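Structure file entry_6.txt (compact mmCIF, C-alpha atoms) follows.
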```txt
# COMPACT_ATOMS: atom_id res chain seq x y z
CA MET A 755 -73.37 4.78 -17.48
CA SER A 756 -69.79 4.61 -16.46
CA PRO A 757 -68.72 6.36 -13.29
CA THR A 758 -66.88 9.64 -13.74
CA ALA A 759 -63.32 9.62 -12.46
CA GLU A 760 -62.66 12.02 -9.63
CA PRO A 761 -59.65 14.32 -9.94
CA PRO A 762 -56.73 13.35 -7.72
CA THR A 763 -56.72 14.90 -4.31
CA SER A 764 -52.89 15.17 -4.21
CA THR A 765 -50.04 15.57 -6.70
CA PRO A 766 -48.09 12.34 -7.13
CA ALA A 767 -44.36 12.50 -6.24
CA PRO A 768 -42.11 12.72 -9.29
CA SER A 769 -40.20 9.55 -10.12
CA LEU A 770 -36.47 9.76 -9.20
CA THR A 771 -33.67 8.37 -11.33
CA PRO A 772 -31.50 6.31 -9.01
CA SER A 773 -27.95 7.69 -8.68
CA ALA A 774 -25.05 5.55 -9.88
CA THR A 775 -23.43 3.46 -7.17
CA PRO A 776 -19.80 4.56 -6.63
CA ILE A 777 -17.31 1.96 -7.82
CA PRO A 778 -15.12 0.89 -4.89
CA PRO A 779 -11.40 1.70 -5.29
CA GLY A 780 -9.05 -1.20 -5.76
CA THR A 781 -11.35 -3.08 -8.14
CA ALA A 782 -10.83 -3.92 -11.80
CA GLU A 783 -13.22 -1.07 -12.74
CA ASN A 784 -11.45 1.41 -10.42
CA PRO A 785 -7.87 0.28 -9.75
CA VAL A 786 -5.57 2.06 -7.31
CA ALA A 787 -3.33 4.10 -9.60
CA MET A 788 0.39 4.59 -8.99
CA GLY A 789 1.66 7.63 -10.88
CA ILE A 790 5.23 7.71 -12.14
CA VAL A 791 7.42 9.64 -14.59
CA PHE A 792 9.54 7.15 -16.51
CA SER A 793 12.99 8.31 -17.57
CA ASP A 794 14.11 4.84 -18.72
CA SER A 795 11.01 2.83 -19.52
CA ASN A 796 12.96 -0.26 -20.61
CA ILE A 797 14.11 -0.77 -17.02
CA GLN A 798 11.38 0.96 -15.05
CA VAL A 799 8.24 -0.48 -16.64
CA PRO A 800 9.01 -4.17 -15.91
CA ALA A 801 10.00 -3.31 -12.33
CA ALA A 802 6.86 -1.21 -11.79
CA SER A 803 4.71 -4.04 -13.16
CA GLU A 804 6.36 -6.48 -10.77
CA PHE A 805 5.81 -4.12 -7.85
CA ILE A 806 2.10 -3.50 -8.42
CA GLN A 807 1.53 -7.21 -9.01
CA TYR A 808 3.10 -7.86 -5.62
CA LEU A 809 0.84 -5.21 -4.05
CA ALA A 810 -2.20 -6.82 -5.68
CA ASP A 811 -1.26 -10.28 -4.43
CA ALA A 812 -0.48 -9.03 -0.94
CA THR A 813 -3.49 -6.74 -0.45
CA GLY A 814 -6.26 -8.15 -2.62
CA TYR A 815 -6.72 -4.79 -4.33
CA ILE A 816 -6.18 -4.13 -8.04
CA PHE A 817 -3.46 -1.64 -9.01
CA ALA A 818 -2.51 0.17 -12.20
CA ILE A 819 0.48 2.19 -13.41
CA THR A 820 -0.07 5.60 -14.96
CA ASN A 821 2.88 7.23 -16.71
CA TYR A 822 3.13 11.04 -16.85
CA SER A 823 5.37 13.20 -18.99
CA SER A 824 6.35 15.51 -16.14
CA GLU A 825 6.29 15.78 -12.37
CA ILE A 826 3.84 18.68 -12.38
CA ASP A 827 1.44 16.67 -14.59
CA LEU A 828 1.62 13.80 -12.12
CA LEU A 829 0.91 16.09 -9.16
CA THR A 830 -1.99 17.71 -11.00
CA ALA A 831 -3.48 14.27 -11.68
CA MET A 832 -3.00 13.36 -8.03
CA ASP A 833 -4.82 16.53 -7.02
CA GLN A 834 -7.70 15.63 -9.35
CA GLY A 835 -8.03 12.14 -7.87
CA TYR A 836 -6.54 10.14 -10.73
CA VAL A 837 -3.42 9.04 -8.80
CA SER A 838 -3.45 7.43 -5.37
CA LEU A 839 0.27 6.94 -4.68
CA ALA A 840 3.49 8.30 -6.12
CA TRP A 841 7.22 8.38 -5.48
CA LEU A 842 8.17 12.02 -4.94
CA GLN A 843 11.40 13.97 -4.68
CA PRO A 844 11.53 16.52 -1.81
CA GLU A 845 10.54 19.59 -3.83
CA GLU A 846 7.63 17.68 -5.36
CA TYR A 847 6.46 16.55 -1.95
CA LEU A 848 6.69 20.08 -0.52
CA TYR A 849 4.41 21.28 -3.31
CA ALA A 850 2.00 18.37 -2.74
CA SER A 851 1.95 18.95 1.00
CA GLU A 852 1.49 22.71 0.63
CA ASN A 853 -1.54 22.11 -1.60
CA ASP A 854 -3.02 19.26 0.47
CA ILE A 855 -2.48 16.80 -2.38
CA ALA A 856 -0.43 14.11 -0.65
CA MET A 857 0.96 12.86 2.65
CA VAL A 858 4.32 11.14 3.02
CA ALA A 859 4.33 7.47 4.04
CA PHE A 860 7.92 6.25 3.55
CA LEU A 861 11.38 7.70 3.05
CA THR A 862 14.00 5.80 1.06
CA SER A 863 17.62 5.39 2.03
CA HIS A 864 19.96 6.47 -0.76
CA TYR A 865 23.55 5.25 -0.36
CA GLY A 866 22.90 4.55 3.30
CA LEU A 867 21.28 7.89 4.18
CA TYR A 868 17.69 9.12 4.35
CA GLY A 869 18.64 12.70 3.56
CA TYR A 870 21.36 14.83 2.04
CA GLY A 871 22.55 18.42 1.93
CA SER A 872 24.88 20.79 0.12
CA ASN A 873 28.65 21.18 -0.02
CA PHE A 874 30.24 24.64 -0.34
CA TYR A 875 33.52 24.36 -2.26
CA VAL A 876 36.44 26.79 -2.48
CA ASN A 877 39.98 26.91 -3.73
CA PRO A 878 42.14 26.57 -0.58
CA GLU A 879 44.35 29.42 -1.85
CA SER A 880 41.38 31.81 -1.94
CA GLY A 881 41.58 32.79 1.74
CA PHE A 882 38.23 31.34 2.80
CA HIS A 883 38.08 29.56 6.13
CA LEU A 884 37.57 25.80 5.91
CA ASP A 885 34.83 24.86 8.36
CA TYR A 886 34.76 21.21 7.36
CA ASP A 887 36.86 18.37 8.77
CA PRO A 888 37.17 15.55 6.19
CA ASP A 889 38.25 13.10 8.91
CA THR A 890 35.06 13.50 10.93
CA ALA A 891 32.85 14.63 8.00
CA GLU A 892 31.59 17.46 10.19
CA SER A 893 31.51 21.25 9.94
CA SER A 894 32.84 23.23 12.87
CA ARG A 895 30.91 26.50 12.65
CA ASN A 896 27.20 27.24 12.58
CA ILE A 897 25.37 28.43 9.50
CA SER A 898 25.78 32.16 10.11
CA GLY A 899 29.46 31.89 10.92
CA ALA A 900 30.19 29.68 7.95
CA LEU A 901 28.20 31.64 5.35
CA ASN A 902 29.11 35.19 6.35
CA GLN A 903 32.48 34.83 4.63
CA PHE A 904 30.64 34.50 1.32
CA SER A 905 28.89 37.86 1.67
CA GLU A 906 29.05 39.87 -1.58
CA LYS A 907 30.85 36.97 -3.28
CA THR A 908 29.86 35.22 -6.51
CA PRO A 909 28.71 31.59 -6.35
CA CYS A 910 28.81 28.92 -9.01
CA LEU A 911 25.54 27.01 -8.73
CA VAL A 912 24.12 24.11 -10.75
CA ASN A 913 20.81 25.11 -12.38
CA THR A 914 17.37 26.42 -11.46
CA ARG A 915 15.97 22.88 -11.09
CA SER A 916 18.56 21.70 -8.55
CA ILE A 917 17.47 21.70 -4.93
CA SER A 918 20.92 21.06 -3.39
CA GLY A 919 22.83 23.13 -5.94
CA TYR A 920 20.44 26.08 -6.18
CA ALA A 921 17.24 26.38 -4.13
CA TYR A 922 18.56 25.17 -0.78
CA PRO A 923 21.77 27.29 -0.67
CA LEU A 924 19.93 30.39 -1.88
CA GLY A 925 17.35 29.82 0.84
CA LEU A 926 20.07 29.57 3.48
CA PHE A 927 21.62 32.89 2.41
CA ALA A 928 18.19 34.54 2.35
CA ARG A 929 17.27 33.19 5.78
CA GLU A 930 20.55 34.46 7.25
CA ASN A 931 20.18 37.86 5.49
CA ILE A 932 23.52 37.43 3.73
CA ALA A 933 23.71 39.16 0.35
CA ILE A 934 25.60 37.39 -2.42
CA ASN A 935 26.25 38.30 -6.05
CA GLU A 936 24.24 36.93 -8.97
CA PRO A 937 25.10 33.24 -9.30
CA VAL A 938 26.78 31.69 -12.31
CA LEU A 939 24.76 28.64 -13.40
CA LEU A 940 26.88 25.82 -14.82
CA GLN A 941 24.17 23.13 -15.29
CA THR A 942 25.97 20.17 -13.65
CA HIS A 943 27.54 19.49 -10.26
CA GLU A 944 30.77 18.36 -11.93
CA SER A 945 30.98 21.64 -13.85
CA VAL A 946 30.85 23.54 -10.56
CA ILE A 947 33.89 21.57 -9.36
CA ARG A 948 35.73 22.28 -12.60
CA ALA A 949 35.02 26.00 -12.25
CA ILE A 950 36.44 26.15 -8.73
CA TYR A 951 39.47 24.16 -9.85
CA THR A 952 40.11 26.45 -12.84
CA GLY A 953 39.37 29.72 -11.03
CA GLY A 954 38.32 33.08 -12.40
CA ILE A 955 34.64 32.19 -12.82
CA CYS A 956 33.25 32.45 -9.30
CA ASP A 957 34.41 32.69 -5.69
CA PHE A 958 32.79 29.53 -4.36
CA GLY A 959 30.57 26.71 -5.59
CA VAL A 960 27.70 24.66 -4.20
CA THR A 961 26.71 21.10 -5.12
CA TYR A 962 25.01 18.12 -3.47
CA GLY A 963 26.69 16.79 -0.35
CA ILE A 964 26.65 14.12 2.36
CA THR A 965 25.41 11.28 0.13
CA GLY A 966 28.33 11.83 -2.23
CA ASP A 967 30.97 14.20 -3.53
CA PRO A 968 31.13 15.24 -7.21
CA ARG A 969 34.92 15.52 -6.91
CA THR A 970 35.03 11.72 -6.89
CA ALA A 971 33.20 11.35 -10.23
CA SER A 972 35.29 9.36 -12.70
CA SER A 973 35.19 12.19 -15.24
CA ILE A 974 36.61 14.59 -12.66
CA GLN A 975 39.20 12.18 -11.26
CA SER A 976 40.59 11.32 -14.71
CA ALA A 977 40.77 14.93 -15.90
CA LEU A 978 41.79 16.55 -12.60
CA PRO A 979 43.82 14.02 -10.59
CA ASP A 980 44.77 16.60 -7.95
CA VAL A 981 41.22 17.90 -7.50
CA MET A 982 40.99 16.80 -3.86
CA GLU A 983 43.88 19.16 -3.06
CA LYS A 984 42.84 22.04 -5.32
CA VAL A 985 39.14 22.07 -4.40
CA LYS A 986 38.15 21.86 -0.72
CA ILE A 987 34.85 21.72 1.14
CA ALA A 988 34.55 24.96 3.10
CA TRP A 989 31.27 24.01 4.79
CA GLN A 990 28.66 21.27 4.66
CA THR A 991 25.01 21.79 5.52
CA PRO A 992 22.97 19.47 7.72
CA ALA A 993 21.18 16.61 5.93
CA ASP A 994 17.95 18.61 5.72
CA ILE A 995 16.91 17.45 2.24
CA PRO A 996 14.94 14.21 2.56
CA SER A 997 15.49 11.63 -0.16
CA LEU A 998 12.85 10.11 -2.46
CA ASN A 999 9.60 9.25 -0.68
CA LEU A 1000 6.41 7.31 -1.24
CA SER A 1001 3.36 9.49 -0.71
CA TYR A 1002 -0.35 8.70 -0.63
CA SER A 1003 -3.06 10.93 -2.01
CA THR A 1004 -4.96 12.65 0.78
CA SER A 1005 -8.14 11.17 -0.71
CA LEU A 1006 -6.95 7.54 -0.51
CA SER A 1007 -8.94 5.54 2.03
CA GLY A 1008 -7.30 4.54 5.28
CA ASP A 1009 -7.89 0.82 4.71
CA ILE A 1010 -6.02 0.87 1.40
CA ARG A 1011 -3.22 3.00 2.85
CA PHE A 1012 -2.78 0.52 5.69
CA ALA A 1013 -2.74 -2.43 3.31
CA ILE A 1014 -0.13 -0.85 1.02
CA THR A 1015 2.01 0.19 3.99
CA SER A 1016 2.04 -3.35 5.37
CA ALA A 1017 2.79 -4.89 1.98
CA LEU A 1018 5.58 -2.45 1.12
CA SER A 1019 7.23 -2.95 4.51
CA GLU A 1020 7.47 -6.68 3.76
CA PHE A 1021 8.56 -6.13 0.14
CA ALA A 1022 11.49 -3.94 1.19
CA LYS A 1023 12.85 -6.53 3.64
CA THR A 1024 14.45 -8.47 0.80
CA GLN A 1025 17.26 -7.45 -1.51
CA GLU A 1026 15.14 -8.49 -4.47
CA GLY A 1027 12.42 -6.10 -3.34
CA LEU A 1028 14.88 -3.24 -2.90
CA ASP A 1029 16.37 -3.92 -6.32
CA THR A 1030 12.89 -3.75 -7.85
CA LEU A 1031 12.15 -0.43 -6.11
CA SER A 1032 15.50 0.95 -7.32
CA GLN A 1033 14.88 -0.11 -10.91
CA MET A 1034 11.30 1.17 -10.87
CA ASN A 1035 12.39 4.63 -9.72
CA ASN A 1036 15.76 4.71 -11.52
CA TYR A 1037 17.12 5.66 -8.09
CA SER A 1038 19.32 3.60 -5.80
CA ILE A 1039 17.29 2.48 -2.75
CA ASP A 1040 18.91 0.38 -0.02
CA ALA A 1041 16.21 0.64 2.68
CA ILE A 1042 12.92 2.36 3.52
CA LYS A 1043 11.42 3.67 6.74
CA PRO A 1044 8.07 5.18 7.79
CA ALA A 1045 8.09 8.98 7.62
CA THR A 1046 5.98 11.97 8.62
CA ASP A 1047 5.59 15.49 7.32
CA ASP A 1048 7.64 16.80 10.27
CA GLU A 1049 10.79 15.52 8.60
CA TYR A 1050 10.34 18.18 5.90
CA GLU A 1051 9.99 21.16 8.21
CA SER A 1052 13.65 22.30 8.12
CA LEU A 1053 13.73 22.16 4.32
CA ARG A 1054 10.29 23.79 4.07
CA LEU A 1055 11.45 26.82 6.08
CA VAL A 1056 14.59 27.25 3.97
CA ILE A 1057 12.68 27.02 0.68
CA GLU A 1058 10.12 29.53 1.96
CA ALA A 1059 12.98 31.90 2.82
CA SER A 1060 14.34 31.57 -0.72
CA GLY A 1061 11.14 33.02 -2.20
CA ILE A 1062 11.16 30.32 -4.88
CA ASP A 1063 7.70 29.35 -6.18
CA LEU A 1064 7.53 25.56 -5.97
CA GLU A 1065 5.18 25.11 -8.91
CA THR A 1066 7.50 27.13 -11.15
CA PHE A 1067 10.51 25.28 -9.76
CA ILE A 1068 9.01 21.85 -10.46
CA SER A 1069 7.77 22.85 -13.92
CA ARG A 1070 11.18 23.89 -15.21
```

Any chance you could put this one into structure tokens?
Amino acid sequence: MSPTAEPPTSTPAPSLTPSATPIPPGTAENPVAMGIVFSDSNIQVPAASEFIQYLADATGYIFAITNYSSEIDLLTAMDQGYVSLAWLQPEEYLYASENDIAMVAFLTSHYGLYGYGSNFYVNPESGFHLDYDPDTAESSRNISGALNQFSEKTPCLVNTRSISGYAYPLGLFARENIAINEPVLLQTHESVIRAIYTGGICDFGVTYGITGDPRTASSIQSALPDVMEKVKIAWQTPADIPSLNLSYSTSLSGDIRFAITSALSEFAKTQEGLDTLSQMNNYSIDAIKPATDDEYESLRLVIEASGIDLETFISR
């Protein structure tokens, strides 16, 4: 007679399905993604391909390019972990920083400067005080003194997506508690100059400044040869608007960040490298430098004073 089996004295542990091993970033299965919004893919795509191939050769990691249709889509993908590095304009970076999406690594020099500001233009016959010396390229009065003369006056601004020709000047007026009339939006910086030249549309105008002057645009010079006499800079802001930056996702590992930083520093030492960065971003870059979030604090405070919602601003 066969022995009778005894019931088990304990319940066996359930079998566990082993969890999937995370795929390391920077491999063929999980490349480090650079997000970008192409405005001229014929020029930008070859340059971007050259850049990420250089990064791959220099770091040993695998990189990929991901194209997005808009800046807010790119930032959303970065927040969700699909993008590890991106080239961001100042308003985009402020949004990314505010939402703990990205941290700045490098600033680019644009026409020899790492930041820019706004120019306030007037007709010299209008009675406004000119607080700007074209010989020294400096403004003589502080912000409050310079802007008070525009109280209850009507500005010509660019459009609701312009930081230097809309958000930044409105923030300055708000911060200084100076009330102005509803702005007239003319869509381009050159159109603001034309309006001040013609007169009758607004009392003063605001465009980008420091890195350039829309009065010198060929379209303006050919149509309005005496524009430099008929339209004057009344005041110029500090260069508180940082130029294009390279930012890393806050989730990107420190080892990969360090490797990219070292490689990019070398890449930007040559003119060929700078030309590639310029073509990739469709933005003139003549140098780069390491940067920190502190360099955005002045702009951040002004934009906060404006009351403008950054997500709405970027999405326009």

*asked:* My list of candidates is A:Pro1044, A:Gly814, A:Gly899, A:Gly881. Which is closest to Val858 (chain A) when distances are computed with only C-alpha atoms?
replied: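 Nearest candidate to Val858 (chain A) out of A:Pro1044, A:Gly814, A:Gly899, A:Gly881: A:Pro1044.
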
*Minimum-distance residue to Thr1046 (chain A), chosen among A:Thr914, A:Ser851, A:Ser1019, A:Thr1066 (using only C-alpha atoms)*: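 Counting only C-alpha atoms, the residue closest to Thr1046 (chain A) is A:Ser851.
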
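With all atoms listed in the file as the basis for measurement, A:Thr1004 is the residue among A:Thr1004, A:Gly966, A:Ile947, A:Ile917 that approaches Met832 (chain A) most closely.
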
*asked:* Ranking A:Tyr1002, A:Tyr1050, A:Tyr870, A:Tyr886 by minimum distance to Met788 (chain A) and counting only C-alpha atoms, which one comes first?
replied: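 Among the listed residues, the smallest separation from Met788 (chain A) belongs to A:Tyr1002.
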
*asked:* Around the point (17.4, -4.5, -5.1) (coordinates from the file), which residues reach within 12 Å if we count all atoms listed in the file? Answer as number ranges by chain.
replied: A: 801, 805, 1021-1042

_Show me, as a ChimeraX atom specification, the residues that have an atom within 7 Å of Val791 (chain A) when counting only C-alpha atoms, minus same-chain residues fewer than 3 positions from it._
/A:821-825

*Residue nearest Gly780 (chain A) - candidates A:Glu1049, A:Asp1009, A:Glu1020, A:Glu845, atoms counted: all atoms listed in the file*: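 Once distances to Gly780 (chain A) are computed over all atoms listed in the file, the minimum belongs to A:Asp1009.
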
_Option closest in space to Ser894 (chain A), from A:Thr991, A:Ser880, A:Thr952, A:Gln941 [counting only C-alpha atoms]_ = A:Thr991

_Would you compute the distance between CA of Glu944 (chain A) and CA of Thr961 (chain A)? Give it in Å to one decimal._
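According to the coordinates, CA of Glu944 (chain A) and CA of Thr961 (chain A) are separated by 8.4 Å.
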
*What is the CA of Gly953 (chain A)-CA of Leu939 (chain A) distance in Å, reported with one decimal?*
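CA of Leu939 (chain A) lies 14.8 Å from CA of Gly953 (chain A).
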
_Contact residues around region 977-988 of chain A with only C-alpha atoms at 6 Å, ignoring same-chain residues under 5 positions, as a ChimeraX atom specification_ = /A:874-877,884-886,951

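Separating CA of Gln975 (chain A) from CA of Leu924 (chain A) is a distance of 28.1 Å.
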
*Identify the residues around (9.1, 8.1, -3.7) within a radius of 6 Å, measuring from all atoms listed in the file in the coordinates stated by the file, and give them as a list in words.*
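Answer for this query, in the requested form: Trp841, Leu842, Leu998, Asn999 and Leu1000 of chain A.
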
*Would you kindly return, as an MDAnalysis selection string, each protein, DNA or RNA residue with an atom no farther than 9 Å from any atom of region 1057-1063 of chain A, considering only C-alpha atoms and excluding same-chain residues fewer than 3 positions away?*
chainID A and resid 845 921:929 1052:1054 1066:1068

Using the structure just given, write a file holding C-alpha atoms for region 974-1051 of chain A, as a short mmCIF file (atom, residue, chain, number, x, y, z; two decimals), in the first residue's frame.
```cif
data_model
loop_
_atom_site.label_atom_id
_atom_site.label_comp_id
_atom_site.auth_asym_id
_atom_site.auth_seq_id
_atom_site.Cartn_x
_atom_site.Cartn_y
_atom_site.Cartn_z
CA ILE A 974 13.45 100.82 -43.25
CA GLN A 975 16.61 102.50 -44.55
CA SER A 976 15.46 102.36 -48.18
CA ALA A 977 11.95 103.64 -47.46
CA LEU A 978 12.81 106.13 -44.70
CA PRO A 979 16.33 107.44 -45.34
CA ASP A 980 16.04 110.08 -42.60
CA VAL A 981 14.70 107.65 -39.99
CA MET A 982 17.69 108.06 -37.67
CA GLU A 983 16.79 111.75 -37.32
CA LYS A 984 13.02 111.36 -37.17
CA VAL A 985 12.93 108.42 -34.73
CA LYS A 986 15.12 108.54 -31.61
CA ILE A 987 15.80 106.16 -28.74
CA ALA A 988 14.37 107.78 -25.61
CA TRP A 989 15.57 105.04 -23.26
CA GLN A 990 17.22 101.63 -23.42
CA THR A 991 16.71 98.92 -20.83
CA PRO A 992 19.51 96.84 -19.32
CA ALA A 993 20.38 93.62 -21.16
CA ASP A 994 18.16 91.56 -18.87
CA ILE A 995 16.81 89.18 -21.53
CA PRO A 996 19.23 86.26 -21.89
CA SER A 997 19.72 84.91 -25.40
CA LEU A 998 19.10 81.34 -26.60
CA ASN A 999 20.30 78.68 -24.15
CA LEU A 1000 20.96 74.98 -23.98
CA SER A 1001 19.05 73.36 -21.14
CA TYR A 1002 19.11 69.84 -19.71
CA SER A 1003 16.08 67.98 -18.43
CA THR A 1004 16.08 67.85 -14.65
CA SER A 1005 15.83 64.06 -14.97
CA LEU A 1006 18.99 63.68 -17.08
CA SER A 1007 21.75 61.88 -15.18
CA GLY A 1008 24.75 63.85 -13.99
CA ASP A 1009 27.23 61.66 -15.88
CA ILE A 1010 25.53 62.35 -19.22
CA ARG A 1011 25.19 66.06 -18.45
CA PHE A 1012 28.90 66.27 -17.68
CA ALA A 1013 29.80 64.41 -20.87
CA ILE A 1014 27.62 66.66 -23.06
CA THR A 1015 28.94 69.79 -21.36
CA SER A 1016 32.55 68.79 -21.99
CA ALA A 1017 31.86 67.83 -25.61
CA LEU A 1018 29.89 70.99 -26.42
CA SER A 1019 32.58 73.21 -24.88
CA GLU A 1020 35.10 71.70 -27.31
CA PHE A 1021 32.70 71.81 -30.27
CA ALA A 1022 32.09 75.54 -29.83
CA LYS A 1023 35.81 76.39 -29.84
CA THR A 1024 35.91 76.18 -33.63
CA GLN A 1025 34.20 78.36 -36.19
CA GLU A 1026 32.89 75.24 -37.91
CA GLY A 1027 31.24 74.17 -34.67
CA LEU A 1028 29.66 77.59 -34.14
CA ASP A 1029 28.41 77.62 -37.73
CA THR A 1030 26.78 74.22 -37.16
CA LEU A 1031 25.09 75.42 -33.95
CA SER A 1032 23.84 78.53 -35.78
CA GLN A 1033 22.42 76.54 -38.68
CA MET A 1034 20.86 73.96 -36.37
CA ASN A 1035 19.00 76.63 -34.40
CA ASN A 1036 18.43 79.06 -37.28
CA TYR A 1037 19.95 81.62 -34.90
CA SER A 1038 23.30 83.36 -35.18
CA ILE A 1039 25.66 82.03 -32.47
CA ASP A 1040 29.21 83.38 -32.17
CA ALA A 1041 30.16 81.92 -28.77
CA ILE A 1042 28.77 80.00 -25.80
CA LYS A 1043 29.41 80.17 -22.07
CA PRO A 1044 28.30 78.17 -19.00
CA ALA A 1045 25.21 79.67 -17.35
CA THR A 1046 23.11 79.34 -14.21
CA ASP A 1047 19.51 80.04 -13.35
CA ASP A 1048 20.58 83.20 -11.48
CA GLU A 1049 21.11 84.94 -14.81
CA TYR A 1050 17.34 84.84 -15.38
CA GLU A 1051 16.32 86.41 -12.08
#
```
